Amino acid sequence: MAGRFLPPDDGDGLAGDLISMLEDVGAHAGAIYRLAPDGQVLELTVMEGLPREFVRPWERVSLTAPVPVADASREGRLVWVGGEEDMVRRYPGIALALPYDFRLAALPLATATADYGGMFLLWPGSHPPRLSSGQRDRLAAAAARLARALEESGRPGPPGPGPRAPVPAGAVPPKGLEAMVARLPEGVCALDDHGRLTFISPRGAALIGESPRRLIGARPWRALPWLNDPVYEDRYRAAMISQQPTSFVALCPPDRWLTFDLYPAVSGITVRITPALVEPGNVPVRTSAVDSAVPTRVGAIYHVLHLASALTEAAGVQDVVGLVADQIMPAFGGQALALLVAEDGRLRVAGYRGYPPDITEQYDRLPLTSPTPSVRTMVTGVPSFFESHEELDQIYPLAVAPDDGMAAWAFIPLIASGRPVGTCVLAFSRPHRFTVEERALLTSLGGLIAQALERARLYDAKLELAQCLQESLLPHALPLLPGLTTAARYLPSTEGMDIGGDFYDVIRLTDDTVAAIIGDVQGHNVTAAALMGQLRTAVRAYATTGAGPGEVLARTNRLLADLDPGLFATCVYVQLDLRRRTACLARAGHPYPLLRHPDGGVRVLDVPGGLLLGLDPEAGYPCTEIPLPVGSVLALYTDGLIETPGTDLDDSLAELGTELARVGDQHLDGLADAMIRHAQRTSRRGDDIALLLLRLTAELDP
């Protein structure tokens, strides 16, 4: 195997362990990722069986990234992807960049005391799409051995140097075999797993029309201009990743059509070259024009596709900054990146990675008349590449050149809909030569980044406006009442605009009576939030007139029906008599409240209820009175607290009650935090959550 990438301080011990693991489980390629010191990023440490450029977009991935190795490391479990359809469904970004048939397993590398990172392994497309229990056990055992080796090394990285494992890279056949191959009527050549030619027969060289001496050690699609087509390199990638034979037909100038049949193995590919029988009417159409001055690498194309796919999932500006930094910096070897946007006649730093905070002050708030490369790039729309500080100094005086400790820079214009919106700065700690391919690719990426950045800025502006609206509609503080303590929490959904229609309120009615309300307006948008504000105001107004709980809900229901907003709402209204220590409840289609008794027992209050608010203007809402001893806790909540995809609602409610019983003796704020954590076990929530807790603390004097 080959394709090894080893940082200078890692040695070969870990590579040998990986090779042994691949042989043990029958995989043809794999890679190990080490957890970075910050504990939030996985960095590619060792790779075997494939060229490093195949996984360039994933050399450095965040633990939260939607990729198998991150999921396996973050969740501490084996992730199995059983084929192309499975990959498209679960990891569309990877499927777009690697559209081949293969099987993949990702595993965490962790011991009982520490997390070290993760790894992935690849099998050919011929491998069964499902793992047997025995295979799962073998994979888990092999990953555990590798994690123990990392632990015994005494540092959170790979072990120190060890015996070098043999890494065959392809060799010239013995003379007898070479003579036999030379007698074949077709041409034969061999590529190692980096795509370099290690052997070509005389007949193969004659068909191609080149000297073997010039071809050995080169990649065919770079040495031969007529093979400089991404389709041909794509066929090589497909063969290496899927380990399935493939072929293509190409025109060798001026008029010779050749068929290339690729037969892959773990160590490389054997290629058979034969004249192609092409009818004049069936001449294959080239997919791209050949231009040796501007080479088009299939890896570069896939990198653009992967970033484009990832950017579609970015919501806010910081999402875009994180994705761009995670993709661009490792792909081009940069050490720092900044995204600058035009705002009020100046450039503003929207986000950065790799720069210390004080350095970004040199870029932030620059006037658009400033003679700096970042401003000039944005204003003119022309990218600038400086391969050294000397080259930068020739064009820009030292007084205005960035003094950021870097030695080379790429300034990429961000243009959306024909309008310049900012500049992307990619910096290198050492002088860097920008190839024609890199310049073209970075310029292309600038357009993708600009479109995503404009969408993200619009989203952030709308989100800020919506959140300000919702915050203004919810109570800023709950009233302080003798004999009663209260606590409330609100948690937005993670979908849509992170706002919704959940609301709560506590209203002092008299010296010894209090009203508590919790409700949920259908929807998660500005309309729902605005209607929530109207309902909360209406309930408060009806409550202060002295109406009972059932009448308050009936009046609110008629109001909502008259407004006819096309939305419905649920609600629980509770009137507490602090002197008599009782609660009178009315419910409109809302989840049942929970009551924790002073002895720790918890029960669901099966309060009879009426229809959702807004369905029937004539609906009635019965009242139920219950005793509330001193020390009891009444928990009102919206359905987002107990509704989890794939979980039975009754089971979720029972879980919540168990949690309330377990931690209900603590201070009410701590209890509220504990119950909200119950809903934060998943990072994605399709609904917002409101929680209101009330506890009677003392008997009022007669």
# chains A, B, ... in the order shown; residues from 1 in each chain; ligands from 1

$ select_by_dssp --residues "region 195-231 of chain A" --states "strand (DSSP E)" --output "list in words"
Leu197, Thr198, Phe199 and Ile200 of chain A

$ write_last_selection --atoms "N, CA and C atoms" --output "compact mmCIF listing (two decimals), in the first residue's frame"
# COMPACT_ATOMS: atom_id res chain seq x y z
N LEU A 197 2.97 6.44 -13.48
CA LEU A 197 3.36 5.30 -14.30
C LEU A 197 4.63 4.66 -13.75
N THR A 198 4.56 3.36 -13.44
CA THR A 198 5.75 2.65 -12.97
C THR A 198 6.30 1.70 -14.03
N PHE A 199 5.49 1.41 -15.06
CA PHE A 199 5.93 0.52 -16.13
C PHE A 199 5.04 0.73 -17.33
N ILE A 200 5.63 0.65 -18.54
CA ILE A 200 4.86 0.64 -19.78
C ILE A 200 5.58 -0.24 -20.78

$ residues_around --residues "region 447-454 of chain A" --least-positions-apart "2" --cutoff "6 Å" --atoms "only C-alpha atoms" --output "ChimeraX atom specification"
/A:414-416,444-445,456-457

$ write_last_selection --atoms "N, CA and C atoms" --output "tab-separated table (two decimals), in the first residue's frame"
chain	number	residue	atom	x	y	z
A	414	LEU	N	-15.12	38.73	-3.73
A	414	LEU	CA	-16.39	38.06	-3.49
A	414	LEU	C	-17.46	38.83	-4.24
A	415	ILE	N	-17.93	38.25	-5.34
A	415	ILE	CA	-18.87	38.93	-6.22
A	415	ILE	C	-20.15	38.12	-6.29
A	416	ALA	N	-21.27	38.74	-5.91
A	416	ALA	CA	-22.57	38.09	-5.94
A	416	ALA	C	-23.50	38.88	-6.83
A	444	SER	N	-12.76	30.82	-8.69
A	444	SER	CA	-14.08	30.19	-8.82
A	444	SER	C	-14.75	30.05	-7.46
A	445	LEU	N	-13.98	29.67	-6.47
A	445	LEU	CA	-14.54	29.52	-5.13
A	445	LEU	C	-15.05	30.84	-4.58
A	456	ALA	N	-26.31	34.41	3.93
A	456	ALA	CA	-26.12	34.33	5.38
A	456	ALA	C	-26.33	35.68	6.04
A	457	ARG	N	-25.87	36.75	5.42
A	457	ARG	CA	-26.06	38.08	6.01
A	457	ARG	C	-27.54	38.44	6.06

$ residues_around --residues "Asp115 (chain A)" --least-positions-apart "3" --cutoff "12 Å" --atoms "only C-alpha atoms" --output "PyMOL selection string"
chain A and resi 33-37+39-40+42+72-76+107-112+118+144+146-148+150-151+155-157

$ residues_around --residues "region 248-250 of chain A" --least-positions-apart "6" --cutoff "9 Å" --atoms "only C-alpha atoms" --output "JSON, numbers by chain"
{"A": [226, 227, 231, 232, 235, 256, 257, 258, 259, 260, 261, 262, 276, 284, 286]}

$ residues_around --residues "Ala561 (chain A)" --least-positions-apart "4" --cutoff "12 Å" --atoms "only C-alpha atoms" --output "list in words"
Leu535, Ala554, Arg555, Thr556, Asn557, Pro565, Gly566, Leu567, Phe568, Ala569, Leu612, Leu613, Gly614, Leu615, Asp616, Pro617, Glu618 and Ala619 of chain A
